[in-house]
Amino acid sequence: MGVEHSPTHLFADLDVEVHPDHPLGKDTWFGVGGQADMMVRPRQESALTELVRRCHEHEIRLRIFGNGANLLIADEGVDGIVLRLDHPNFKEVRYNLDGGVEAMKAMAGADMARTLNESVRRGLSGLLQMAGIPASIGGAIRMNAGGAFGSIGDSVHSVGCIDPRGALVVYPADELKMGYRETNIPEGVVLWAAFNLEPDDPKLLRERLLEIFQYKKTTQPMADSSAGCAFKNPVDPATGDRVSAGALIDRAGLKEHRIGSASVSRVHGNFLVVDTGGSAGDVIRLMEEVRASVQEAHGIRLHNEVVVWSRS
Ligand SMILES: Cc1cc2nc3c(=O)[nH]c(=O)nc-3n(C[C@H](O)[C@H](O)[C@H](O)COP(=O)(O)OP(=O)(O)OC[C@H]3O[C@@H](n4cnc5c(N)ncnc54)[C@H](O)[C@@H]3O)c2cc1C
């Protein structure tokens, strides 16, 4: 890529904010890790689609940052462009109670917790399974975030994405495969998601929300710096069943195991937590050690749920 195609030059005519050398690690829930060579915040959908198209055309790596709740940024930082959809235009949530099934449409940058609270306040059920899961709508869709109470895919009506060529592609629910912490949505930017929500009693919904939140607070170290579960629950090759990664980690004797600033949580074996001012390198080393110990103890390989970004 020549100087005339350096990212700053490439986006100069677009309605975007450009932040060179942005300290990205501190924006994540881990709160550790290095900088983004360039963070770009579009202000308009047209600027976003053109940005995506130009990155593709000039082979510039584009990564999308949601709420940073499932990301670990390597200490040496990340190259290419990091895209953040936090302008109010990308946080809008619209309700369409008269319109039948498409009851709510949220832009990718909308905050999951706020969206859930507002739907409960309006007496609409369908998103309670997302209680206590920090996310943007786009990040939750990309990960099909969820847990014991269901996943976000359960109530999806359709998802709108910008493909690498800058075109909007809409996926209706029957074309989506929302699996365990994964989807069949191809590479690109999730722009919005529409949900089927059902009218319900706001008081009962609020009580249920608090119940789920309370359950999470007692079973997960919500106040520590983490990205939630570090590993996906693996399939036990002996039985073909999915087993709890946290239980495997505990049974391998790793509870509270520490490497430098990173440790296995005492509350939940699959939460790796890091001290304030710690390093991503410690978390990465701990992940590798946990993976090796579980493999040795149980013959089962753990795969990352946390997405790790490092230089290409
Ligand atoms: C305390 C805590 C508890 C948690 N509990 C749970 C839980 O119970 N269940 C669960 O599933 N997860 C849990 N997590 C993990 C996290 O909440 C989810 O993975 C969530 O979906 C991450 O959303 P995000 O917006 O923060 O995405 P990010 O962390 O910013 O990004 C995650 C991935 O999504 C991609 N992405 C983000 N936005 C977009 C977009 N608009 N278009 C395309 N790709 C995008 C990113 O590029 C990256 O690959 C927890 C995390 C924490 C810190």
# chains A, B, ... in the order shown; residues from 1 in each chain; ligands from 1
$ residues_near_ligand --ligand "ligand 1" --cutoff "7 Å" --atoms "only C-alpha atoms and all ligand atoms" --output "number ranges by chain"
A: 29, 63-71, 108-109, 132-147, 181, 188-191, 221-222, 225-229, 307
$ select_by_dssp --residues "range 139-237 of chain A" --states "strand (DSSP E)" --output "JSON, numbers by chain"
{"A": [146, 147, 150, 151, 156, 157, 158, 159, 160, 161, 162, 168, 169, 170, 171, 172, 178, 179, 182, 183, 189, 190, 191, 192, 193, 194, 195, 198, 199]}
$ write_last_selection --atoms "N, CA and C atoms" --output "CSV table (one decimal), in the first residue's frame"
chain,number,residue,atom,x,y,z
A,146,GLY,N,-25.1,-15.5,24.6
A,146,GLY,CA,-26.2,-16.1,25.4
A,146,GLY,C,-25.7,-17.0,26.5
A,147,GLY,N,-26.5,-17.9,27.0
A,147,GLY,CA,-26.1,-18.8,28.0
A,147,GLY,C,-27.3,-19.7,28.4
A,150,GLY,N,-30.8,-19.0,27.1
A,150,GLY,CA,-31.0,-18.8,25.7
A,150,GLY,C,-30.0,-17.9,25.1
A,151,SER,N,-30.1,-17.6,23.8
A,151,SER,CA,-29.2,-16.7,23.1
A,151,SER,C,-29.9,-15.7,22.3
A,156,VAL,N,-34.3,-13.3,17.0
A,156,VAL,CA,-33.9,-12.5,15.8
A,156,VAL,C,-35.0,-12.7,14.7
A,157,HIS,N,-35.3,-11.6,14.1
A,157,HIS,CA,-36.3,-11.6,13.0
A,157,HIS,C,-35.5,-11.5,11.7
A,158,SER,N,-34.4,-10.6,11.7
A,158,SER,CA,-33.6,-10.5,10.5
A,158,SER,C,-32.3,-9.6,10.9
A,159,VAL,N,-31.3,-9.8,10.1
A,159,VAL,CA,-30.0,-9.0,10.4
A,159,VAL,C,-29.6,-8.3,9.1
A,160,GLY,N,-29.2,-7.1,9.2
A,160,GLY,CA,-28.7,-6.3,8.1
A,160,GLY,C,-27.2,-6.2,8.2
A,161,CYS,N,-26.5,-6.5,7.1
A,161,CYS,CA,-25.0,-6.5,7.2
A,161,CYS,C,-24.5,-5.7,6.0
A,162,ILE,N,-23.3,-5.1,6.2
A,162,ILE,CA,-22.6,-4.5,5.0
A,162,ILE,C,-21.5,-5.5,4.6
A,168,LEU,N,-25.4,-3.5,1.2
A,168,LEU,CA,-26.3,-4.0,2.4
A,168,LEU,C,-26.9,-5.3,2.0
A,169,VAL,N,-26.7,-6.3,2.9
A,169,VAL,CA,-27.4,-7.6,2.6
A,169,VAL,C,-28.2,-7.9,3.8
A,170,VAL,N,-29.5,-8.3,3.6
A,170,VAL,CA,-30.4,-8.6,4.7
A,170,VAL,C,-30.6,-10.1,4.8
A,171,TYR,N,-30.4,-10.6,6.0
A,171,TYR,CA,-30.6,-12.1,6.2
A,171,TYR,C,-31.9,-12.3,7.1
A,172,PRO,N,-32.9,-12.8,6.5
A,172,PRO,CA,-34.1,-13.2,7.3
A,172,PRO,C,-33.7,-14.3,8.3
A,178,MET,N,-27.8,-19.6,13.9
A,178,MET,CA,-27.3,-19.0,15.1
A,178,MET,C,-26.9,-20.2,16.0
A,179,GLY,N,-25.6,-20.6,16.0
A,179,GLY,CA,-25.2,-21.8,16.7
A,179,GLY,C,-24.6,-21.3,18.1
A,182,GLU,N,-21.6,-18.8,17.7
A,182,GLU,CA,-21.2,-18.6,16.3
A,182,GLU,C,-22.4,-18.4,15.4
A,183,THR,N,-22.2,-17.8,14.3
A,183,THR,CA,-23.3,-17.7,13.3
A,183,THR,C,-22.8,-18.0,11.9
A,189,VAL,N,-19.8,-6.3,8.2
A,189,VAL,CA,-20.2,-5.5,9.4
A,189,VAL,C,-21.7,-5.7,9.6
A,190,VAL,N,-22.0,-6.2,10.8
A,190,VAL,CA,-23.4,-6.2,11.2
A,190,VAL,C,-23.9,-4.8,11.4
A,191,LEU,N,-24.9,-4.4,10.7
A,191,LEU,CA,-25.3,-3.0,10.8
A,191,LEU,C,-26.5,-2.8,11.7
A,192,TRP,N,-27.4,-3.8,11.6
A,192,TRP,CA,-28.6,-3.7,12.5
A,192,TRP,C,-29.2,-5.1,12.7
A,193,ALA,N,-30.0,-5.2,13.7
A,193,ALA,CA,-30.8,-6.5,13.9
A,193,ALA,C,-32.2,-6.1,14.3
A,194,ALA,N,-33.1,-6.9,13.7
A,194,ALA,CA,-34.5,-6.7,14.1
A,194,ALA,C,-35.0,-7.9,14.9
A,195,PHE,N,-35.9,-7.7,15.9
A,195,PHE,CA,-36.2,-8.8,16.8
A,195,PHE,C,-37.7,-8.9,16.9
A,198,GLU,N,-42.6,-10.1,22.2
A,198,GLU,CA,-44.0,-10.4,22.5
A,198,GLU,C,-44.4,-9.5,23.7
A,199,PRO,N,-45.6,-8.9,23.6
A,199,PRO,CA,-46.2,-8.1,24.7
A,199,PRO,C,-46.3,-9.0,25.9
$ atom_distance --atom1 "CA of Gly269 in chain A" --atom2 "CA of Asp282 in chain A"
16.7 Å
$ residues_around --residues "range 8-15 of chain A" --least-positions-apart "6" --cutoff "10 Å" --atoms "only C-alpha atoms" --output "PyMOL selection string"
chain A and resi 38+40-48+50-51+54-55+58
$ closest_residue --among "A:Ala280, A:Val294, A:Ala173, A:Val243" --to "Thr28 in chain A" --atoms "only C-alpha atoms"
A:Ala280
$ closest_residue --among "A:Val273, A:Ile73, A:Ala252, A:Leu116" --to "Gln295 in chain A" --atoms "only C-alpha atoms"
A:Ala252
$ atom_distance --atom1 "CA of Gly281 in chain A" --atom2 "CA of Thr219 in chain A"
26.5 Å
$ atom_distance --atom1 "CA of Asp111 in chain A" --atom2 "CA of Glu92 in chain A"
9.6 Å
$ closest_residue --among "A:Gly166, A:Val93, A:Met112, A:Ala74" --to "Val32 in chain A" --atoms "only C-alpha atoms"
A:Ala74
$ closest_residue --among "A:Val120, A:Ile185, A:Ile152, A:Met104" --to "Leu210 in chain A" --atoms "only C-alpha atoms"
A:Val120
$ closest_residue --among "A:Arg258, A:Arg94, A:Arg84, A:Lys232" --to "Tyr180 in chain A" --atoms "only C-alpha atoms"
A:Lys232
$ closest_residue --among "A:Met287, A:Leu176, A:Leu72, A:Val306" --to "Asp154 in chain A" --atoms "only C-alpha atoms"
A:Leu176
